[in-house]
Every structure is written in structure tokens, then in C-alpha cells.
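A quick write-up on the structure given underneath.
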Amino acid sequence: MNALLTWLDDNLEKPFLVIGLLTAIALITWQVLFRYIFAGIFGMEGNTAWAEELSLMCFIWCSYLAVPIAIKKRDNLAVTALVGRFGERGQNIFWIIDEGAFLLLCIIIIRLACETIAMQMRFPQYTTAVHLPYWVCYLSLPISFGLMALRLLQNLWRQMRACGLVDTLAGLAVLALLAAPVFLGLDVDTAIVLMVSLVIFLLLGIPIAVCLALAGITAIAFSGDLPWGTVAQVAYSSLNSFPFLAIYFFIAAGMGQQER
């Protein structure tokens with residue numbers, strides 16, 4: 001049982017990433033072959049929009065499912081110029097702050113995604129080519145961010161044990177201080193909140209992608225009139241772009257070159 005749990009801890013996301021990667025590459029290869037050979041040369045007729053749509057779904061799933069692996073390895077891109085000046089003890093405290101902020105973002109996205117899924121189930125919308133209900137597509141958000149939250153909790157537990165009670169409380173206190181202005185109802189210009197919060201999060205060493213998301217959510221909270229319901233939709237649609245699929249082929253080419 002311990003061996004199985006260890007394997008799951010190390011490889012839970014990897015089989016899904018491999019399946020998604022290979023499926024998307026196969027679908028896009030088929031679309032290109034059909035468009036330029038079967039249709040362009042032999043004059044065959046058919047619609048391959050379904051292949052593009054399914055490939056994008058695979059890309060979105062893989063993109064978010066890859067993040068828990070980066071969290072586990074602590075490989076997220078961040079600005080650490082300031083953090084590195086605080087010594088080992090200070091950096092350990094910053095890990096609590098950074099991963100605690102990331103965990104808060106995951107909780108927010110999970111809640112908003114669940115609300116969006118519930119709305120889509122009440123008032124269903126369907127994708128253009130496959131006619132798949134959008135609530136099925138949005139399932140990628142609570143599942144992937146749930147895995148992110150799990151990995152973050154694992155890291156936080158280990159970090160808290162390494163830091164001790166005093167340093168853990170110090171890190172949690174900074175987190176509470178960062179969150180306090182959101183609940184005070186201060187009247188501040190949204191653009192200023194967006195820029196200041198982004199700079200603060202970057203200086204704390206929080207991963208850059210998380211900084212952008214947290215700054216946007218903080219601005220929404222301060223504005224009072226920006227719709228929260230669009231957060232989950234943007235989290236999904238921001239990756240729903242056909243040119244992004246080229247990333248798969250760059251990855252495949254890089255893997256092939258590495259094998260040589």
C-alpha cells in the first residue's frame with residue numbers, strides 16, 4: 001500500500017498528460033493531412049473542426065494538469081531577487097507566504113468554477129463543433145486546481161514542519177496582512193490596486209502567473225462592480241487558442257532531439 005501511495009504521489013498527473021499530449025498531436029496531424037492532402041489533392045470533402053476543438057480541450061487539460069507537477073518540484077517561474085536576501089530562514093518563511101497565496105488562489109478558482117459549472121448545467125451552452133456541454137469543459141478547472149491545492153498542502157505541511165511554530169505563524173501573519181485590505185472596503189482606484197498588488201506579489205517571490213491572477217482578483221474585489229463570474233470563464237478561454245497547439249509539436253520535437 002505504501003508503495004502504491006508513493007507511486008501515485010510521484011506520477012498521478014503524468015499518465016493523463018501523456019494521453020492528452022498524444023491525443024492532441026494525433027488529432028492535429030489528422031486535420032493537417034485531411035486539409036492539405038485528402039481535401040487539397042484528392043478533393044475529398046469533410047469537416048475537421050471537431051479535431052481542432054478536441055485538441056484544444058486536451059491542451060487546456062494538459063496545461064493545468066502540468067502545474068501540480070511544477071508545484072511539487074517548486075519549478076514555477078518567480079522573481080526571487082528580494083527573497084534571496086533574507087537567508088535560509090527568511091526564504092523558508094517566504095515559501096509559506098508564496099504557497100499559501102497560491103493555495104488561496106486555487107480555492108477561489110475552484111469555488112468560482114463550480115458556480116460556473118452549476119450555471120452551465122441550468123442554462124446549457126454547447127461547443128460549436130462537437131456540441132459538448134460547456135460544463136464538461138469547465139470541469140478541467142476544479143479538477144486541476146484541486147490537484148494544485150493538494151500539492152500545495154503537501155508542500156505547506158512539510159514547510160511548516162521545517163520552519164517551526166514561530167516562523168510558520170510569521171508567514172501566516174503576512175498572508176493575513178495581505179488579505180486584510182480586501183475585507184476593509186477601502187475606496188481605492190482599481191488600476192492602482194492592480195499595479196500595487198502585482199508589484200507586492202512579485203517582490204514576495206510568488207510565481208509570476210499566480211501574481212497576475214491574484215492581482216486581477218484583488219482588483220475585482222476592490223472594484224465592487226466587476227463580475228466574479230467571468231473569472232472561471234477567462235481561466236478557461238485564455239488557453240482556448242489554436243496557435244497554442246504548436247506548443248505540443250515543440251515539446252514532441254524537443255523530446256525527439258533529446259532522445260538522439
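Letters A, B, ... go to the chains of the C-alpha cells in the order shown; residues in each chain start at 1; ligands are counted from 1 in the same order.
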
Self-check item: Picked from segment 96-214 of chain A by DSSP as helix (DSSP H, G or I), as an MDAnalysis selection string
Solution: chainID A and resid 96:122 134:138 140:163 165:184 190:203 208:214

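Residues surrounding Tyr134 of chain A within 9 Å are Ile117, Gln120, Met121, Pro124, Gln125, Tyr126, Thr127 and Leu139 of chain A [only C-alpha atoms; sequence separation below 5 positions excluded].
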
Those selected residues, please, written with C-alpha atoms and delivered as a PDB file, in the first residue's frame.
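Output file selection-v2.pdb is given in full below:
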```
ATOM      1  CA  ILE A 117     -20.477  24.727 -13.912  1.00  0.00           C
ATOM      2  CA  GLN A 120     -23.995  25.955 -17.279  1.00  0.00           C
ATOM      3  CA  MET A 121     -25.933  22.927 -16.122  1.00  0.00           C
ATOM      4  CA  PRO A 124     -26.610  24.737 -21.006  1.00  0.00           C
ATOM      5  CA  GLN A 125     -24.413  26.013 -23.803  1.00  0.00           C
ATOM      6  CA  TYR A 126     -22.634  23.767 -26.278  1.00  0.00           C
ATOM      7  CA  THR A 127     -19.354  23.857 -28.143  1.00  0.00           C
ATOM      8  CA  LEU A 139     -14.597  20.518 -15.222  1.00  0.00           C
TER       9      LEU A 139
END
```

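Using only C-alpha atoms for every distance, the candidate list A:Leu21, A:Ile108, A:Ala101, A:Lys14 yields A:Leu21 as the residue closest to Phe250 of chain A.
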
Self-check item: Non-local contacts of Thr218 of chain A (9 Å; only C-alpha atoms; under 2 positions in same chain excluded) as a VMD selection string
Solution: chain A and resid 179 182 190 193 to 194 197 213 to 216 220 to 223

Quiz item: segment 83-100 of chain A: which residues within 9 Å, counting only C-alpha atoms, same-chain residues fewer than 3 positions away excluded, as a list in words?
Solution: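 So, after excluding close chain neighbours, the residues are Ile71, Val79, Thr80, Leu103, Leu104, Leu105, Leu152, Leu153, Asn155, Leu156, Gln159, Met160, Ala162, Cys163, Asp167, Thr168, Ala170, Gly171, Leu172, Ala173, Val174, Leu175, Phe201, Leu203, Leu204, Gly205, Ile206 and Pro207 of chain A.
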
Can those selected residues be exported to a file as a tab-separated table (two decimals), in the first residue's frame so that it contains N, CA, C and O atoms?
```
chain	number	residue	atom	x	y	z
A	71	ILE	N	4.46	22.49	-9.10
A	71	ILE	CA	4.32	22.84	-7.68
A	71	ILE	C	5.11	21.85	-6.82
A	71	ILE	O	5.82	22.24	-5.89
A	79	VAL	N	10.10	35.89	-9.36
A	79	VAL	CA	11.14	36.90	-9.14
A	79	VAL	C	11.66	36.72	-7.71
A	79	VAL	O	10.93	36.96	-6.75
A	80	THR	N	12.90	36.32	-7.57
A	80	THR	CA	13.44	35.98	-6.25
A	80	THR	C	14.59	36.90	-5.82
A	80	THR	O	15.32	36.58	-4.89
A	103	LEU	N	-2.37	28.74	-2.73
A	103	LEU	CA	-3.48	27.91	-2.26
A	103	LEU	C	-4.78	28.72	-2.19
A	103	LEU	O	-5.85	28.22	-2.56
A	104	LEU	N	-4.68	29.95	-1.75
A	104	LEU	CA	-5.86	30.82	-1.71
A	104	LEU	C	-6.42	31.04	-3.11
A	104	LEU	O	-7.64	30.99	-3.31
A	105	LEU	N	-5.52	31.24	-4.09
A	105	LEU	CA	-5.98	31.39	-5.47
A	105	LEU	C	-6.70	30.13	-5.94
A	105	LEU	O	-7.76	30.22	-6.59
A	152	LEU	N	-0.02	21.81	-3.03
A	152	LEU	CA	0.36	22.95	-2.19
A	152	LEU	C	0.23	22.61	-0.71
A	152	LEU	O	1.07	23.00	0.11
A	153	LEU	N	-0.82	21.88	-0.35
A	153	LEU	CA	-0.99	21.47	1.04
A	153	LEU	C	0.14	20.53	1.48
A	153	LEU	O	0.62	20.62	2.61
A	155	ASN	N	3.21	20.57	0.25
A	155	ASN	CA	4.39	21.41	0.41
A	155	ASN	C	4.32	22.25	1.69
A	155	ASN	O	5.31	22.40	2.41
A	156	LEU	N	3.13	22.80	1.95
A	156	LEU	CA	2.97	23.64	3.14
A	156	LEU	C	3.16	22.83	4.42
A	156	LEU	O	3.78	23.32	5.38
A	159	GLN	N	6.78	22.30	4.80
A	159	GLN	CA	7.46	23.56	5.10
A	159	GLN	C	7.20	24.02	6.52
A	159	GLN	O	8.09	24.53	7.20
A	160	MET	N	5.98	23.84	6.99
A	160	MET	CA	5.65	24.25	8.36
A	160	MET	C	6.41	23.41	9.38
A	160	MET	O	6.87	23.93	10.40
A	162	ALA	N	9.29	22.11	8.86
A	162	ALA	CA	10.69	22.54	8.80
A	162	ALA	C	10.90	23.90	9.45
A	162	ALA	O	11.95	24.15	10.05
A	163	CYS	N	9.91	24.78	9.37
A	163	CYS	CA	10.06	26.15	9.89
A	163	CYS	C	9.86	26.23	11.40
A	163	CYS	O	10.48	27.06	12.07
A	167	ASP	N	8.08	30.69	13.02
A	167	ASP	CA	8.21	31.12	11.63
A	167	ASP	C	6.96	30.84	10.82
A	167	ASP	O	6.60	31.61	9.92
A	168	THR	N	6.27	29.75	11.15
A	168	THR	CA	5.01	29.46	10.46
A	168	THR	C	3.97	30.54	10.75
A	168	THR	O	3.29	31.03	9.83
A	170	ALA	N	4.61	33.57	11.57
A	170	ALA	CA	5.05	34.80	10.90
A	170	ALA	C	4.62	34.80	9.45
A	170	ALA	O	4.12	35.82	8.93
A	171	GLY	N	4.78	33.68	8.76
A	171	GLY	CA	4.35	33.60	7.37
A	171	GLY	C	2.85	33.74	7.22
A	171	GLY	O	2.36	34.45	6.33
A	172	LEU	N	2.09	33.10	8.11
A	172	LEU	CA	0.63	33.21	8.06
A	172	LEU	C	0.17	34.62	8.39
A	172	LEU	O	-0.83	35.10	7.84
A	173	ALA	N	0.90	35.30	9.27
A	173	ALA	CA	0.55	36.68	9.61
A	173	ALA	C	0.72	37.59	8.41
A	173	ALA	O	-0.11	38.49	8.17
A	174	VAL	N	1.78	37.39	7.64
A	174	VAL	CA	1.98	38.19	6.42
A	174	VAL	C	0.86	37.92	5.43
A	174	VAL	O	0.34	38.85	4.78
A	175	LEU	N	0.45	36.66	5.30
A	175	LEU	CA	-0.67	36.33	4.43
A	175	LEU	C	-1.94	37.05	4.85
A	175	LEU	O	-2.67	37.60	4.03
A	201	PHE	N	3.19	41.28	-4.89
A	201	PHE	CA	3.22	39.82	-5.06
A	201	PHE	C	4.51	39.37	-5.74
A	201	PHE	O	5.10	38.34	-5.37
A	203	LEU	N	7.44	40.90	-5.61
A	203	LEU	CA	8.55	41.05	-4.67
A	203	LEU	C	8.56	39.95	-3.61
A	203	LEU	O	9.63	39.61	-3.08
A	204	LEU	N	7.41	39.40	-3.31
A	204	LEU	CA	7.33	38.32	-2.32
A	204	LEU	C	7.79	36.98	-2.88
A	204	LEU	O	7.85	36.00	-2.14
A	205	GLY	N	8.08	36.94	-4.17
A	205	GLY	CA	8.55	35.70	-4.77
A	205	GLY	C	7.46	34.74	-5.18
A	205	GLY	O	7.73	33.57	-5.46
A	206	ILE	N	6.22	35.22	-5.23
A	206	ILE	CA	5.12	34.39	-5.68
A	206	ILE	C	5.29	34.14	-7.19
A	206	ILE	O	5.71	35.04	-7.92
A	207	PRO	N	5.01	32.92	-7.67
A	207	PRO	CA	5.15	32.65	-9.10
A	207	PRO	C	4.44	33.70	-9.96
A	207	PRO	O	3.35	34.18	-9.61
```

Self-check item: All residues 7 Å or closer to Ala51 of chain A, only C-alpha atoms, same chain fewer than 5 positions away omitted, as a list in words
Solution: Leu27, Ile28 and Gln31 of chain A

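Atom CA of Val188 of chain A sits 26.7 Å away from atom CA of Leu82 of chain A.
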
Quiz item: So how many Å separate atom CA of Gly224 of chain A and atom CA of Asp187 of chain A, to one decimal?
Solution: 9.7 Å

Practice problem: Select, from A:Cys58, A:Pro142, A:Phe123, A:Trp7, the residue with the minimum atom-to-atom distance to Ile19 of chain A, counting only C-alpha atoms. | Solution: A:Cys58

Quiz prompt | Best match for closeness to Ile200 of chain A among A:Leu178, A:Leu150, A:Ile251, A:Leu186, counting only C-alpha atoms | solution =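 Selected residue with least distance to Ile200 of chain A: A:Leu178.
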
Quiz item: Excluding same-chain residues fewer than 6 positions from segment 237-246 of chain A, what lies within 7 Å of it counting only C-alpha atoms, as a list in words?
Solution: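 With the cut-off at 7 Å, the set is Leu56, Phe59 and Ile60 of chain A.
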
Those same residues - C-alpha atoms - I'd like them written as a compact mmCIF listing (two decimals), in the first residue's frame.
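Below is the file that was written, part_11.txt:
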```
# COMPACT_ATOMS: atom_id res chain seq x y z
CA LEU A 56 -7.80 22.49 -27.68
CA PHE A 59 -4.33 21.30 -24.45
CA ILE A 60 -6.30 23.07 -21.70
```

Quiz item: In Å to one decimal, how far is atom CA of Gly146 of chain A from atom CA of Ala118 of chain A?
Solution: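 Between these atoms lies a distance of 17.1 Å.
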
Exercise. Rank nothing, just name the residue among A:Leu33, A:Phe38, A:Leu54, A:Leu112 nearest to Pro227 of chain A, using only C-alpha atoms.
Key: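 The answer is A:Leu112, which sits nearest to Pro227 of chain A.
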
Quiz prompt | Using only C-alpha atoms: which of A:Ala129, A:Arg161, A:Ala149, A:Ala113 has the shortest distance to Ala235 of chain A | solution =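 Nearest to Ala235 of chain A: A:Ala113.
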
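Nearest residue to Glu13 of chain A, choosing from A:Ala26, A:Val210, A:Leu77, A:Leu147 and counting only C-alpha atoms: A:Leu147.
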
Practice problem: With a distance cut-off of 9 Å and only C-alpha atoms, select the neighbouring residues of Met44 of chain A, excluding the residue or stretch itself and same-chain residues fewer than 5 positions from it, and output the selection as a list in words. | Solution: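 Here the answer would be Phe34, Arg35, Ile37, Phe38 and Ala39 of chain A.
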